[in-house]
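Before any comments, here is the structure.
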Amino acid sequence: MARKGKGRVLVTGVAGFIGSHMAEGLLERGYGVVGIDNLSTGEARNVPKGVRFVKGDVTRDADLARAFAGGLDGVFHIAGCASTIRSFDDPEADLRTNTLGTIRVVMRCVKARVPRLLYASSMTAYGFVDRLPVRAERAATRPVSYYGISKYAAERYALATGERTDLGFGFGVTAFRMFNVYGRRQSLTNPYQGVASIFIGNIQRREPVRIFGDGEQSRDFVHVSDVVDAWIRAFERPAARGRVFNLGSGRSVSINELVRTDIAAFGLDPKTYPIEHHPARPGDQRHMRADIGPARRVLGWRPRVPFRRGMADVIAWAREEAAAAARPRPKRRG
Ligand SMILES: NC(=O)c1ccc[n+]([C@@H]2O[C@H](COP(=O)([O-])OP(=O)(O)OC[C@H]3O[C@@H](n4cnc5c(N)ncnc54)[C@H](O)[C@@H]3O)[C@@H](O)[C@H]2O)c1
């Protein structure tokens with residue numbers, strides 16, 4: 001197998017939203033990429049060309065052995081059950097995928113002496129915060145959703161393993177508490193995925209938009225290309241070892257504002273568009289905004305995609321997808 005000049009990285013969850021962008025970013029920067037995914041929420045068509053793809057489950061050691069074969073310089077562990085609501089419906093599945101899956105990946109890294117592991121943690125690790133912006137490595141972590149608990153436990157397994165002095169090799173772990181990541185390829189139909197894409201999918205199909213709670217809760221949206229940039233910078237910087245970084249934009253947007261922006265971007269009137277209000281859901285944090293100072297200083301990183309431009313790009317993509325789906329498929333011969 002070809003080993004590219006810069007090194008070889010395994011991306012777990014490579015067929016998903018963030019994983020597929022990450023693989024693309026690594027390939028563009030000259031890394032060789034192996035990817036593993038069980039295609040539970042991801043789609044095979046998302047896996048970029050040039051990735052050695054292993055269809056497998058991160059909770060299964062035999063599948064991981066296939067993905068680790070040939071040696072790795074790093075693992076970007078992104079596979080996960082990415083839904084707070086689903087974690088309440090099926091806590092065991094959430095725990096198995098997010099926590100047990102991460103333990104298996106971490107232990108494989110140790111066994112194979114992979115020097116670097118980067119982990120996709122979540123802002124849900126914080127729970128309800130009393131001070132904004134929230135600071136990683138300072139703020140209390142009291143997750144209030146089962147998802148937040150399983151992601152935070154996994155983060156601790158990864159970082160605590162990186163701190164072990166008995167391993168006999170330098171194992172550098174970095175975790176990212178990502179806020180609301182958005183961009184192309186985030187599902188427009190899966191009601192469990194990112195809120196921005198859910199609304200865009202609804203509006204494109206002219207369905208009512210459903211807001212849980214009063215809509216004044218706020219979120220910090222960060223474009224997936226900025227997330228990819230931060231991860232690869234961290235991978236390349238020794239100072240990022242053993243650290244946990246927030247990845248957000250440092251700005252927050254209320255859900256009501258997000259809905260109005262999306263409706264207007266489709267050329268529709270936010271005052272007359274059908275909006276349904278439902279009671280708030282369990283585990284819904286109220287206000288969130290990231291302190292991204294440490295990521296700026298240690299990684300030399302800054303988010304580059306402004307919210308409105310990023311959203312306009314997702315809407316353009318959603319339109320392309322709808323047009324492609326509406327085109328008649330060419331008939332097969334024979
Ligand atoms: N999207 C966000 O805003 C956000 C924010 C914070 C953290 N995260 C974390 O980032 C990761 C990716 O999220 P996403 O938004 O790209 O979701 P996604 O559902 O698009 O991607 C997750 C991928 O993991 C795969 N997967 C799930 N279970 C697996 C298993 N047992 N073995 C192998 N593959 C498996 C899925 O098929 C999917 O392709 C998740 O771990 C999520 O918790 C996401």
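By order of appearance in the structure tokens: chains A, B, ..., then residues from 1 within every chain, and ligands from 1 in the order shown.
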Check your understanding: Could you pull the residues within 12 Å of A:Val305, counting only C-alpha atoms, minus those fewer than 6 positions along the same chain, as a VMD selection string?
Key -> chain A and resid 181 to 183 221 to 227 229 248 to 249 311 to 313
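The list of residues with at least one atom within 10 Å of A:Gly215, based on only C-alpha atoms and without residues fewer than 3 positions apart in the same chain, reads Arg210, Ile211, Phe212, Ser218, Ser254, Ile255, Asn256, Glu257, Leu258, Val259, His277, His278, Ala280 and Arg286 of chain A.
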Residues near A:Ala65, anyone? I mean within 12 Å using only C-alpha atoms, not counting same-chain ones fewer than 6 positions away, as a short mmCIF file (atom, residue, chain, number, x, y, z; two decimals) with N, CA, C and O atoms, in the first residue's frame.
```
data_model
loop_
_atom_site.label_atom_id
_atom_site.label_comp_id
_atom_site.auth_asym_id
_atom_site.auth_seq_id
_atom_site.Cartn_x
_atom_site.Cartn_y
_atom_site.Cartn_z
N LEU A 10 -5.50 7.33 10.39
CA LEU A 10 -6.80 6.65 10.36
C LEU A 10 -7.88 7.63 10.81
O LEU A 10 -7.75 8.26 11.87
N ILE A 36 -12.41 4.16 8.62
CA ILE A 36 -13.31 3.08 9.05
C ILE A 36 -14.67 3.68 9.38
O ILE A 36 -14.75 4.80 9.91
N VAL A 54 -12.29 0.83 5.22
CA VAL A 54 -12.60 -0.42 5.90
C VAL A 54 -14.02 -0.31 6.43
O VAL A 54 -14.30 0.58 7.24
N GLY A 56 -16.40 -1.25 8.93
CA GLY A 56 -16.27 -1.94 10.21
C GLY A 56 -16.74 -1.08 11.35
O GLY A 56 -17.07 0.11 11.18
N ASP A 57 -16.74 -1.71 12.52
CA ASP A 57 -17.31 -1.09 13.71
C ASP A 57 -16.18 -0.82 14.72
O ASP A 57 -15.40 -1.74 15.02
N VAL A 58 -16.14 0.37 15.27
CA VAL A 58 -15.04 0.70 16.20
C VAL A 58 -15.18 -0.04 17.54
O VAL A 58 -14.24 -0.06 18.32
N THR A 59 -16.34 -0.63 17.80
CA THR A 59 -16.46 -1.39 19.04
C THR A 59 -15.96 -2.84 18.84
O THR A 59 -15.92 -3.60 19.79
N GLY A 71 0.38 -0.04 9.88
CA GLY A 71 0.99 1.03 10.68
C GLY A 71 0.36 2.39 10.46
O GLY A 71 -0.13 2.69 9.36
N LEU A 72 0.32 3.18 11.53
CA LEU A 72 -0.31 4.51 11.47
C LEU A 72 0.53 5.52 12.21
O LEU A 72 1.19 5.20 13.20
N ARG A 104 -11.85 1.08 22.94
CA ARG A 104 -11.26 0.10 22.00
C ARG A 104 -10.24 0.78 21.09
O ARG A 104 -9.15 0.24 20.85
N VAL A 105 -10.59 1.98 20.61
CA VAL A 105 -9.66 2.70 19.72
C VAL A 105 -8.39 3.08 20.49
O VAL A 105 -7.27 2.91 20.00
N MET A 107 -7.10 1.66 23.16
CA MET A 107 -6.28 0.49 23.49
C MET A 107 -5.56 -0.05 22.25
O MET A 107 -4.44 -0.53 22.35
N ARG A 108 -6.22 0.04 21.10
CA ARG A 108 -5.56 -0.36 19.85
C ARG A 108 -4.35 0.54 19.57
O ARG A 108 -3.31 0.10 19.12
N CYS A 109 -4.54 1.84 19.83
CA CYS A 109 -3.43 2.79 19.62
C CYS A 109 -2.25 2.40 20.51
O CYS A 109 -1.09 2.41 20.08
N LYS A 111 -1.60 -0.56 21.83
CA LYS A 111 -1.04 -1.84 21.38
C LYS A 111 -0.13 -1.65 20.16
O LYS A 111 0.94 -2.23 20.07
N ALA A 112 -0.59 -0.80 19.24
CA ALA A 112 0.16 -0.60 18.00
C ALA A 112 1.18 0.54 18.12
O ALA A 112 1.84 0.88 17.15
#
```
Point to revise | Residue nearest ligand 1 - candidates A:Val9, A:Val228, A:Ala154, A:Ala120, atoms counted: only C-alpha atoms and all ligand atoms | key: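 Checking each candidate against ligand 1, we get A:Ala120 as the closest.
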**Study point:** Surrounding residues as a PyMOL selection string, ligand 1, max 8 Å, only C-alpha atoms and all ligand atoms
**Key:** chain A and resi 12-20+36-43+55-60+77-83+96-98+101+120-124+147+151+177-182+186-187+193-194
Revision key, fill the gap. With distances taken over only C-alpha atoms, the candidate from A:Leu299, A:Ala196, A:Val244, A:Val106 nearest A:Ala139 is A:Val244
Exercise for review: Excluding stretch 273-275 of chain A and residues on its chain fewer than 6 positions from it, collect all residues at most 9 Å away from it, counting only C-alpha atoms, and give them as number ranges by chain.
Suggested key: A: 203, 206-211, 263
Exercise for review: Quote the spacing between atom CA of A:Arg138 and atom CA of A:Ala295 in Å to one decimal place.
Suggested key: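 Rounded to one decimal, the two atoms are 14.0 Å apart.
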Check your understanding: What are the DSSP helix (DSSP H, G or I) residues of stretch 56-188 of chain A, as a PyMOL selection string?
Key -> chain A and resi 61-68+84-89+91-112+123-125+146-162
Review point. Using only C-alpha atoms, which of A:Val253, A:Phe266, A:Arg296, A:Arg86 sits nearest A:Asn190?
Key: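 Closest to A:Asn190, using only C-alpha atoms: A:Arg86.
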Study note, to complete from the structure: Residue with the minimum atom-to-atom distance to A:Gly148, picked from A:Gly30, A:Gly267, A:Gly283, A:Pro294 with only C-alpha atoms counted, is A:Gly283
Check your understanding: So how many Å separate atom CA of A:Ile315 and atom CA of A:Ala265, to one decimal?
Key ->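 Computed distance, atom CA of A:Ile315 to atom CA of A:Ala265, equals 7.8 Å.
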Practice item. Have a look at A:Ser197, A:Ser252, A:Thr141, A:Asn46 and name the one nearest to A:Ala153; count only C-alpha atoms. Key: A:Thr141
Practice item. Please give the complete set of residues from stretch 157-258 of chain A that DSSP, run on the backbone, assigns to strand (DSSP E or B), formatted as a ChimeraX atom specification. Key: /A:172-178,180-182,209-212,218-219,221-223,244-247,253-254
Point to revise | Among listed residues A:Arg131, A:Arg237, A:His21, A:Arg8, nearest A:Val75 (using only C-alpha atoms) | key: A:Arg8
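Between atom CA of A:Asp284 and atom CA of A:Gly201 there is a distance of 21.2 Å.
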